[in-house]
Every structure is written in structure tokens, then in C-alpha cells.
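Down below is the structure, laid out as C-alpha cells.
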Amino acid sequence: MESVRFAKEEAVRRRDAPVHVKGEEIRSQLRNHSHLYLVDPRLGFNHRTFRFWINRIPAAEEEGMGWKTLGHRHTVEAVLYVLQGKGHSIIDGTRYDWEAGDFISVPMFAWHRHLNTGNEDFIYVAATTGPLSLALGLAVYEDERYPDYWVFGQKSDSALKSLIPGADDTVRIRSTQEMRAPFSSEDALYQQHLRFSAEEEKRRRSSQVLVKGSRIQFEKTLMGRVRYVIDPKAGFLMRVLGTLLAEISPGKRSGAHRHLYEEVNYVLCGEGYTVIEDRRYDWAEGDVLCIPVFSWHQHFNTGDKPARFLVHHSRPLMENLGFMHVEQGESSDE
């Protein structure tokens with residue numbers, strides 16, 4: 001009966017969970033804190049796949065002061081959007097220079113550091129799939145400041161450089177040596193299993209990392225003007241997380257839809273309101289909206305300037321599970 005009851009009980013949890021975080025509250029707390037979780041299951045949100053947070057790094061400093069070479073890494077997908085500042089990131093030994101409006105996609109299990117080289121605070125928002133990894137029991141966070149807590153990094157130099165959690169040269173060499181012409185279809189399938197992690201590492205290393213905001217252009221869709229930024233279909237190796245930008249002209253509305261995946265919207269600029277099912281939420285720059293799964297939602301721009309949203313979602317995960325579903329209602333009037 002617990003399984004039978006789950007869906008209706010989940011609908012109640014979605015309805016009762018927090019939806020709206022005001023930007024003025026975020027700005028107030030950020031004056032006294034450098035790191036704030038905005039959407040997280042530990043804060044009562046009914047989000048299971050990713051969290052959303054904001055971070056502030058003072059001028060001439062870096063995240064995790066005390067990092068010297070590696071930074072940290074994790075079995076978690078991460079997408080950063082630069083709100084303010086200028087600097088660079090060192091991701092698996094490669095430097096990426098960024099500025100306000102840019103996106104940074106950190107490959108799974110890549111060592112990374114973010115350095116503020118400008119003369120103002122570096123402020124960014126990030127979506128990370130920690131809740132999903134934790135729920136699966138597969139969350140690994142390794143930090144160069146705490147080698148006693150490393151799970152894989154302490155085993156060998158090759159493990160320290162690998163994007164494969166648990167990689168070991170001996171096992172990798174043995175697996176490679178055992179590759180041969182398969183003598184059955186079952187053997188061919190098993191050899192695919194043996195090769196998967198090495199091939200996945202190649203895909204991670206060839207995946208895109210940086211998107212310059214200055215090069216983004218919007219295109220019309222049923223939901224309005226949209227640009228898919230971080231997405232498997234745009235060349236990024238993302239298995240769970242996707243990111244897009246949406247823009248609504250003054251006095252216009254987005255389309256209305258609902259979907260079987262989680263979504264968080266961050267208002268980059270503009271003012272207006274959103275209707276989620278039968279509830280209205282008025283928003284302005286810096287506000288956060290956590291859209292409950294399979295809830296009808298539509299955005300309205302009531303201001304005299306364009307409204308722009310940063311949207312993170314878990315559509316790639318649901319596509320990989322074969323459980324993704326979207327329903328379109330009213331179309332945008334753009």
C-alpha cells in the first residue's frame with residue numbers, strides 16, 4: 001500500500017513545498033554569507049535531482065581558499081552562471097577565462113578551481129546534481145585540502161588524473177588486453193561494459209565547457225524566445241542536467257506547459273508574475289521559482305523592459321530513463 005499511495009502523497013508534497021524565494025531576501029543574506037543554498041531538499045523543497053545555490057568570492061580570491069593546484073572534484077554534474085565579476089577557472093588543468101553572462105559546465109569528476117582576478121566580487125549561481133548522487137549512494141567529493149577523505153585520489157597518480165571514479169591502471173590494462181573478437185553476442189555485450197568507462201572519459205574530455213554569453217541568440221518556440229545553452233543536443237556531456245535562457249518582451253507572456261521533470265527559474269532581469277497551477281507569484285530581478293513536477297506554469301512580463309530567465313532542469317535525466325513527457329497549453333504571444 002505504501003507504493004500505491006505514493007503518487008497521491010507526492011502530489012501533496014509538491015503542492016505544499018516552497019516555490020518562491022525573493023531576491024531581496026537572497027541579497028540580504030548574501031551580505032553576511034558567501035554561500036547560500038536557494039533550492040535544496042534539506043530546505044524543504046520537493047526537488048530530488050539537483051540543487052540551486054549562489055556563491056560570492058571577494059576580489060583577488062578564489063573559491064575554497066587554501067587550494068593550490070587541484071581544487072576539488074565530485075561525482076556530480078555542475079553548471080555555473082556568472083552574475084558578476086571576471087576571472088578564470090582551472091578545470092582538469094585547462095584554463096577557461098570568463099566574465100559576467102558566461103556559463104561554465106564542469107565535466108563529471110574533473111578537478112576544478114574558480115579564481116576571481118577582477119576588482120569586484122565574483123558572484124555566480126550554480127545548479128549541481130548532488131541530491132541525486134546522494135540518494136543513489138554514489139556521491140564522492142574529493143577536496144585537495146582534505147586528502148584524508150579522498151576515496152579514489154590517494155590510490156595512484158593515474159587515479160588522481162582520471163575522470164573515471166575508481167580508475168586503476170592495472171585493471172584498465174588488463175581489461176584492454178582481454179579485448180578480442182567476441183565469440184558470442186553475449187561476450188560482445190560484456191566487452192561493451194568493459195569499455196564503457198574509458199569511452200565515457202573520452203566523451204567527458206571532449207565535451208564543451210565554456211559558453212560565452214555575448215554569443216547567445218534567442219529563437220522563437222511555442223514557449224517564446226529561448227536558447228538551449230547547456231544540453232546534450234548542444235554538444236555537452238550532461239546525463240542529468242540541462243540549462244537554457246528564456247526571454248519575454250514587455251507586456252508579453254510565455255507559453256504554458258507542464259512536464260515530468262524538475263525545473264528551477266532564476267530571474268536575471270525584469271518584473272512580472274508566474275501562474276503555477278492556480279497560484280500567482282509576483283517576481284522581480286533575483287527571484288527564484290522552483291516549479292513543481294508536472295505543474296502547469298506560465299510567465300507574464302508586466303514591466304517596460306525584457307524579462308530574462310535562467311532555467312535549470314532535469315529533462316536529460318528523464319529522457320535517459322524514457323520517462324520524459326511534456327504537454328503544451330497556450331502558446332506564447334511573442
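The way I read the labels, and the way they are meant: chains A, B, ... in the order of the C-alpha cells, residue 1 as the first residue of every chain, and ligand 1 as the first ligand shown, with later ones counted on from there.
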I'd like a table as JSON lines: residues in segment 93-173 of chain A with an atom no more than 10 Å from segment 226-230 of chain A, each row giving the shortest atom pair and its distance in Å to one decimal, only C-alpha atoms counted, sorted by chain and rising residue number.
```
{"residue": "A:Phe103", "atom": "CA", "partner": "A:Ile230", "partner_atom": "CA", "distance": 8.2}
{"residue": "A:Ile104", "atom": "CA", "partner": "A:Ile230", "partner_atom": "CA", "distance": 8.9}
{"residue": "A:Ser105", "atom": "CA", "partner": "A:Ile230", "partner_atom": "CA", "distance": 7.4}
```
Name all residues at most 8 Å from Asn265 of chain A (count only C-alpha atoms; drop same-chain ones fewer than 3 positions away) and give them as a ChimeraX atom specification. /A:288-291,309-312
Mind dumping the selected residues with N, CA and C atoms as a short mmCIF file (atom, residue, chain, number, x, y, z; two decimals), in the first residue's frame?
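The result, written out as part_15.cif:
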```
data_model
loop_
_atom_site.label_atom_id
_atom_site.label_comp_id
_atom_site.auth_asym_id
_atom_site.auth_seq_id
_atom_site.Cartn_x
_atom_site.Cartn_y
_atom_site.Cartn_z
N VAL A 288 13.75 33.54 -7.31
CA VAL A 288 13.87 32.14 -7.72
C VAL A 288 12.49 31.50 -7.67
N LEU A 289 12.16 30.73 -8.71
CA LEU A 289 10.92 29.96 -8.75
C LEU A 289 11.27 28.49 -8.92
N CYS A 290 10.79 27.67 -8.01
CA CYS A 290 11.01 26.23 -8.06
C CYS A 290 9.71 25.60 -8.59
N ILE A 291 9.69 25.16 -9.83
CA ILE A 291 8.47 24.67 -10.47
C ILE A 291 8.22 23.21 -10.07
N PHE A 309 15.02 34.82 -18.00
CA PHE A 309 15.10 33.75 -17.01
C PHE A 309 16.28 32.84 -17.30
N LEU A 310 16.99 32.45 -16.26
CA LEU A 310 17.94 31.34 -16.30
C LEU A 310 17.18 30.11 -15.83
N VAL A 311 17.14 29.07 -16.64
CA VAL A 311 16.33 27.89 -16.34
C VAL A 311 17.21 26.65 -16.27
N HIS A 312 17.20 25.99 -15.13
CA HIS A 312 17.85 24.69 -14.99
C HIS A 312 16.77 23.63 -14.88
#
```
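Near Pro316 of chain A, within 12 Å and counting only C-alpha atoms, sit Thr49, Glu77, Ile230, Asp231, Pro232, Lys233, Ala234, Phe236, Leu237, Met238, Arg239, Val240, Leu241, Gly242, Thr243, Leu260, Tyr261, Glu262, Glu263, Gly322, Phe323, Met324 and His325 of chain A, not including residues fewer than 6 positions from it in the same chain.
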Non-local contacts of Asn32 of chain A (12 Å; only C-alpha atoms; under 6 positions in same chain excluded) as a VMD selection string: chain A and resid 25 to 26 55 to 56
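For the set A:Val293, A:Ile164, A:Leu138, A:Val326, the residue with the smallest atom-to-atom gap to Lys202 of chain A is A:Ile164, counting only C-alpha atoms.
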Quick one: everything within 12 Å of Pro18 of chain A, counting only C-alpha atoms, minus sequence neighbours fewer than 4 positions away in the same chain. Send it as a PyMOL selection string. chain A and resi 13-14+22+38-47+264+281+288-292
Would you kindly return, as a PyMOL selection string, each protein, DNA or RNA residue with an atom no farther than 12 Å from any atom of His114 of chain A, considering only C-alpha atoms and excluding same-chain residues fewer than 5 positions away? chain A and resi 55-65+67-72+80+82+85-92+94-99+104+106+122-124
Write out as a PyMOL selection string all residues of segment 153-288 of chain A that DSSP puts in strand (DSSP E) for this structure's backbone. chain A and resi 210-211+219-221+224-230+242-248+257-259+263-269+271-276+279-284+288
Can you tell me which residues surround Glu24 of chain A at a distance of at most 8 Å, considering only C-alpha atoms, apart from same-chain residues fewer than 4 positions away, and format the answer as a list in words? Ser28, Gly286 and Asp287 of chain A
Just N, CA, C and O atoms for this one: save the residues we selected as a JSON list (two decimals), in the first residue's frame.
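Heads up, here's the output in part_1.json:
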```
[["chain", "number", "residue", "atom", "x", "y", "z"],
["A", 28, "SER", "N", 19.95, 40.14, 0.94],
["A", 28, "SER", "CA", 20.17, 40.46, 2.35],
["A", 28, "SER", "C", 21.06, 39.42, 3.01],
["A", 28, "SER", "O", 22.01, 39.77, 3.74],
["A", 286, "GLY", "N", 16.38, 38.70, -9.53],
["A", 286, "GLY", "CA", 17.00, 38.00, -8.42],
["A", 286, "GLY", "C", 16.10, 36.99, -7.74],
["A", 286, "GLY", "O", 16.56, 36.25, -6.86],
["A", 287, "ASP", "N", 14.82, 36.92, -8.12],
["A", 287, "ASP", "CA", 13.91, 35.94, -7.52],
["A", 287, "ASP", "C", 14.15, 34.54, -8.09],
["A", 287, "ASP", "O", 14.66, 34.38, -9.20]]
```
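Of the residues under consideration (A:Tyr190, A:His259, A:Gly303, A:Gln298), A:Gly303 shows the shortest atom-to-atom contact distance to Glu271 of chain A when counting only C-alpha atoms.
Here atom CA of Ile276 of chain A and atom CA of Asp102 of chain A stand 29.0 Å from one another.
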As a check of understanding: the span from atom CA of Ala181 of chain A to atom CA of Ser162 of chain A is 27.4 Å
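A straight line drawn from atom CA of Val209 of chain A to atom CA of Pro107 of chain A is 7.4 Å long.
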